[in-house]
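Down below is the structure, laid out as structure tokens.
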2 protein chains.
Amino acid sequence: MTKNNFNLPNYEKLEADNPHLDKNKAYPLAGVLVVDFTHVLSGPTCTRMLADAGARVIHIERPTGDDTRHMGPYLEDKSSEYFRIANVGKESIALDLKKKEDRDFAEKMISKADVVVENFRPRVMKRLGLGPDEMVKKYPKLVYASISGFGQYGPMHNQAAYDTIVQALSGIMDATGQPAPKGSPTRVGTSVSDVVAGIMGYAGITTALYAREKTGKGTTVDISMLDTTLSLMVQDLMTALGPHKVPERIGNRHPYMYPFDTFESQDRLLAICCGNDHLWSLLSNALAHPEWVTKAEFKTNDLREANWQDVKNAMEAVLKTDNAENWRQKLEEAGVPVGIVQNVVDTCQMPQIIERGMIKRLPDGRDVLGTPIKFGTWNSYGAQKDSPALNENGNAIRAEFDGKN
Amino acid sequence: MTKNNFNLPNYEKLEADNPHLDKNKAYPLAGVLVVDFTHVLSGPTCTRMLADAGARVIHIERPTGDDTRHMGPYLEDKSSEYFRIANVGKESIALDLKKKEDRDFAEKMISKADVVVENFRPRVMKRLGLGPDEMVKKYPKLVYASISGFGQYGPMHNQAAYDTIVQALSGIMDATGQPAPKGSPTRVGTSVSDVVAGIMGYAGITTALYAREKTGKGTTVDISMLDTTLSLMVQDLMTALGPHKVPERIGNRHPYMYPFDTFESQDRLLAICCGNDHLWSLLSNALAHPEWVTKAEFKTNDLREANWQDVKNAMEAVLKTDNAENWRQKLEEAGVPVGIVQNVVDTCQMPQIIERGMIKRLPDGRDVLGTPIKFGTWNSYGAQKDSPALNENGNAIRAEFDGKN
């Protein structure tokens, strides 16, 4: 497992010869103008995906800048890596929307936009006279997406939401972690409710852009972090909506298959997944215990599931005799699905991740996340511009939109 | 917290009077024909979203049916709730793709499709002569999406992946859970890598459909579960790619803000999120400890973060004097962001979730997940058809596609 003070691969050099990452290919959303009123994480994730697909994204920031410009982690030059990761490929203009002049300029931009995205609480844009329903009525070809904690309607719609609160309410915390009394509900170790709401916003926008090409009609798009996080909860929903049972938190193992869990080796944790008797027999042989295949307590998946703690103990007794990397190689050769539980620094150095261009080097020399949507016909490198300085494009944008209304 | 043997709300009755869920509205993807070669979870999630947006989805199943038809949880009639949740709104035809006649019929369907989706290992469709590059070359307007563990190229592309293994490799397990020695890497308690890959597949397909309207060109869309899960890891990526540090697992709290964590009350866990001094003062007053606002160890966010265990202990000493529901009401009135850590059965009963139509009742009387993309112009109820019986539409589909080639 990679420790501090690591060097990352030279992504720039590695991508130069990669035929899958042709920077000169056309972008699927070329020509789409996005006016981006978002801030912090869920909204900026959505508009970063639009920028990665080649839309022109103009990020409107308050005069003091997006909140994340003032959040760590910071680099040597005091710039925020948080802002960078969410705003690659965008332009920036600073506007004070409380001033009539700037508010009117914002509407001028909206009037020429294909897409508007915002993630304020629902009342904020309405109070400015720039709310979703009003704007789509006035500009009927507009696609106007709002991302919020609970959505644009319903009894909770005006409540503030943060990722941790949405995780609590959605059931994902209750589902994550070891069972009581050893464990308790556990937060997913990334802001999954924010990020997936951003992805869902992108999905709604592209759906609406397609429908607009077909019909000429724009639309509002209303994304709730709570709705989106609930839509991830498929296994728990099956249990709740099917047999009407309360799902139980079961740690790292699978609810219906065994061994499908994490296991201790001499050093690191291993994930091993054998969903059927064939894989179980490959595993038993690779661990030099061919007798497990016919052992009364282990021979079917149902038996292994019922006796999972015994299976786990038996496996770990063997796995603890060698290190994870040796076991990984051995099990992979045997055809057993296996992976080492590793940190994200290890992930960023995987040849698979490098070849997929999932980390890329920008002109400013910084490494950022690539795009996970890989098209054959279209550009799959994603945005090629650094994240902007505050108001970097302000003058040019003012000149462009003020000139010709 | 809801216990077993619960009754769910009558969603059908509740949605009848809900103006936001107009079943008669047009669908944004009306007229789009999807030929769906997917199975289990990631692929079916993608095509369920296409069905929810009004595309016609023909799910090709092997003669024994999608694997999930044989996985629990089962209902009284032995039908699988797993299959249901992933296949609402689709048609079903059983084909044995190893037989030339059925393989040729599948290609006939592809030749008339707008979209193909599959989630086999990369070599499977190629071996059938139905691989993504080949089909898009032959049918240049086709959008052909493949969802796999690691993608269509790269050193690992032919390896089998399961959600647990992708979670291990992506860093999301390492990031989730309590720090050592109390805790160890923890699986997210839902198949997040499968589901988010499905959502990303949908996003790629709608992007490609828009680009096709603009240019006439189809494309392959290549989604890797590992890429997609890595793209969720924004905080850990900031730490890794910015200051080049290895991110640390920190349990339920936020890395840079406090209190932004879960807290014990008399009965249940509460999530409380105060990201600034103003919210901290509201919280201190609501807990009847106004002196915390100026207390030397607590008065700024940096101090609270440095002394987080003391802050937590002080807060829990108060919170344990009453139950979570009472605290929720009190803190909400005070303007403090708060939520009870609840299970998915509680979530399904929230008035907010009900009004958003996030659970809906199908004609067969079963409750299923609604769609989290709410359009103003377009249908936001999602698919209205039950999940199909195996080969339910086989004869009709054969007649339709065989007749006119």
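If you're wondering about the labels, chains in the structure tokens are A, B, ... by order shown, residues count from 1 in each chain, ligands from 1 in order shown.
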
With only C-alpha atoms counted and 12 Å as the cut-off, give the residues of stretch 183-206 of chain A in contact with stretch 333-346 of chain B, each with its shortest interatomic distance in Å and the pair that gives it, as a tab-separated table.
residue	atom	partner	partner_atom	distance
A:Ser184	CA	B:Val341	CA	10.3
A:Pro185	CA	B:Val341	CA	7.6
A:Thr186	CA	B:Val341	CA	9.6
A:Arg187	CA	B:Val341	CA	10.0

Exercise for the section: For A:Lys98, list every protein, DNA or RNA residue within 12 Å, evaluated using only C-alpha atoms, and leave out those in the same chain fewer than 2 positions away; present the list as number ranges by chain. Expected result: A: 62-63, 95-96, 100-106, 124-125, 127-130

C-alpha atoms of the current selection, written as a PDB file, in the first residue's frame:
ATOM      1  CA  ARG A  62     -19.711  35.244  -6.330  1.00  0.00           C
ATOM      2  CA  PRO A  63     -17.203  38.120  -6.084  1.00  0.00           C
ATOM      3  CA  LEU A  95     -21.000  38.368 -10.614  1.00  0.00           C
ATOM      4  CA  ASP A  96     -22.791  39.822  -7.610  1.00  0.00           C
ATOM      5  CA  LYS A 100     -29.450  44.501 -10.526  1.00  0.00           C
ATOM      6  CA  GLU A 101     -26.848  45.072 -13.227  1.00  0.00           C
ATOM      7  CA  ASP A 102     -25.170  41.727 -12.625  1.00  0.00           C
ATOM      8  CA  ARG A 103     -28.483  39.911 -12.219  1.00  0.00           C
ATOM      9  CA  ASP A 104     -29.622  41.318 -15.577  1.00  0.00           C
ATOM     10  CA  PHE A 105     -26.347  40.338 -17.184  1.00  0.00           C
ATOM     11  CA  ALA A 106     -26.858  36.806 -15.854  1.00  0.00           C
ATOM     12  CA  VAL A 124     -32.652  31.434  -4.169  1.00  0.00           C
ATOM     13  CA  MET A 125     -32.929  31.563  -7.962  1.00  0.00           C
ATOM     14  CA  ARG A 127     -36.058  35.256  -5.501  1.00  0.00           C
ATOM     15  CA  LEU A 128     -33.721  36.611  -8.186  1.00  0.00           C
ATOM     16  CA  GLY A 129     -36.451  36.172 -10.779  1.00  0.00           C
ATOM     17  CA  LEU A 130     -34.263  33.516 -12.393  1.00  0.00           C
TER      18      LEU A 130
END

Exercise for the section: If you run DSSP over the backbone, which residues in stretch 80-139 of chain A end up strand (DSSP E)? Put them as JSON, numbers by chain. Expected result: {"A": [91, 92, 93, 94, 115, 116, 117, 118]}

Handout entry: Proximity to chain B - best of A:Ala94, A:Ala26, A:Ala113, A:Val195, only C-alpha atoms
Key =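 Smallest distance to chain B is found for A:Val195.
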
Practice task
Using only C-alpha atoms, pick whichever of A:Val293, A:Ile223, A:Ala175, A:Met1 has the shortest atom-to-atom distance to A:Val246.
Solution key: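 Closest to A:Val246, using only C-alpha atoms: A:Ala175.
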
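Among the candidates A:Gly131, A:Pro181, A:Gly189, A:Gly198, the one nearest to A:Ile147 when counting only C-alpha atoms is A:Gly198.
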
Exercise for the section: Counting only C-alpha atoms, figure out which residue out of B:Gly204, B:Lys13, B:Leu331, B:Leu33 gets nearest to A:Met49. Expected result: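 So, comparing all the options, the nearest one is B:Gly204.
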
Handout entry: Separation of atom CA of B:Asn379 from atom CA of A:Gly154 in Å
Key =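 According to the coordinates, atom CA of A:Gly154 and atom CA of B:Asn379 are separated by 17.7 Å.
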
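Pairwise distance (atom CA of B:Arg56, atom CA of B:Thr38) equals 14.7 Å.
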
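Backbone DSSP of stretch 101-166 of chain B yields helix (DSSP H, G or I) at Glu101, Asp102, Arg103, Asp104, Phe105, Ala106, Glu107, Lys108, Met109, Ile110, Ser111, Lys112, Pro122, Arg123, Val124, Met125, Lys126, Arg127, Pro132, Asp133, Glu134, Met135, Val136, Lys137, Lys138, Asp163, Thr164, Ile165 and Val166 of chain B.
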
Exercise for the section: Give me the residues within 12 Å of A:Ser79 as a PyMOL selection string, counting only C-alpha atoms and dropping any in the same chain fewer than 2 places off. Expected result: (chain A and resi 65+68-77+81-85+366+387-390) or (chain B and resi 242-243)
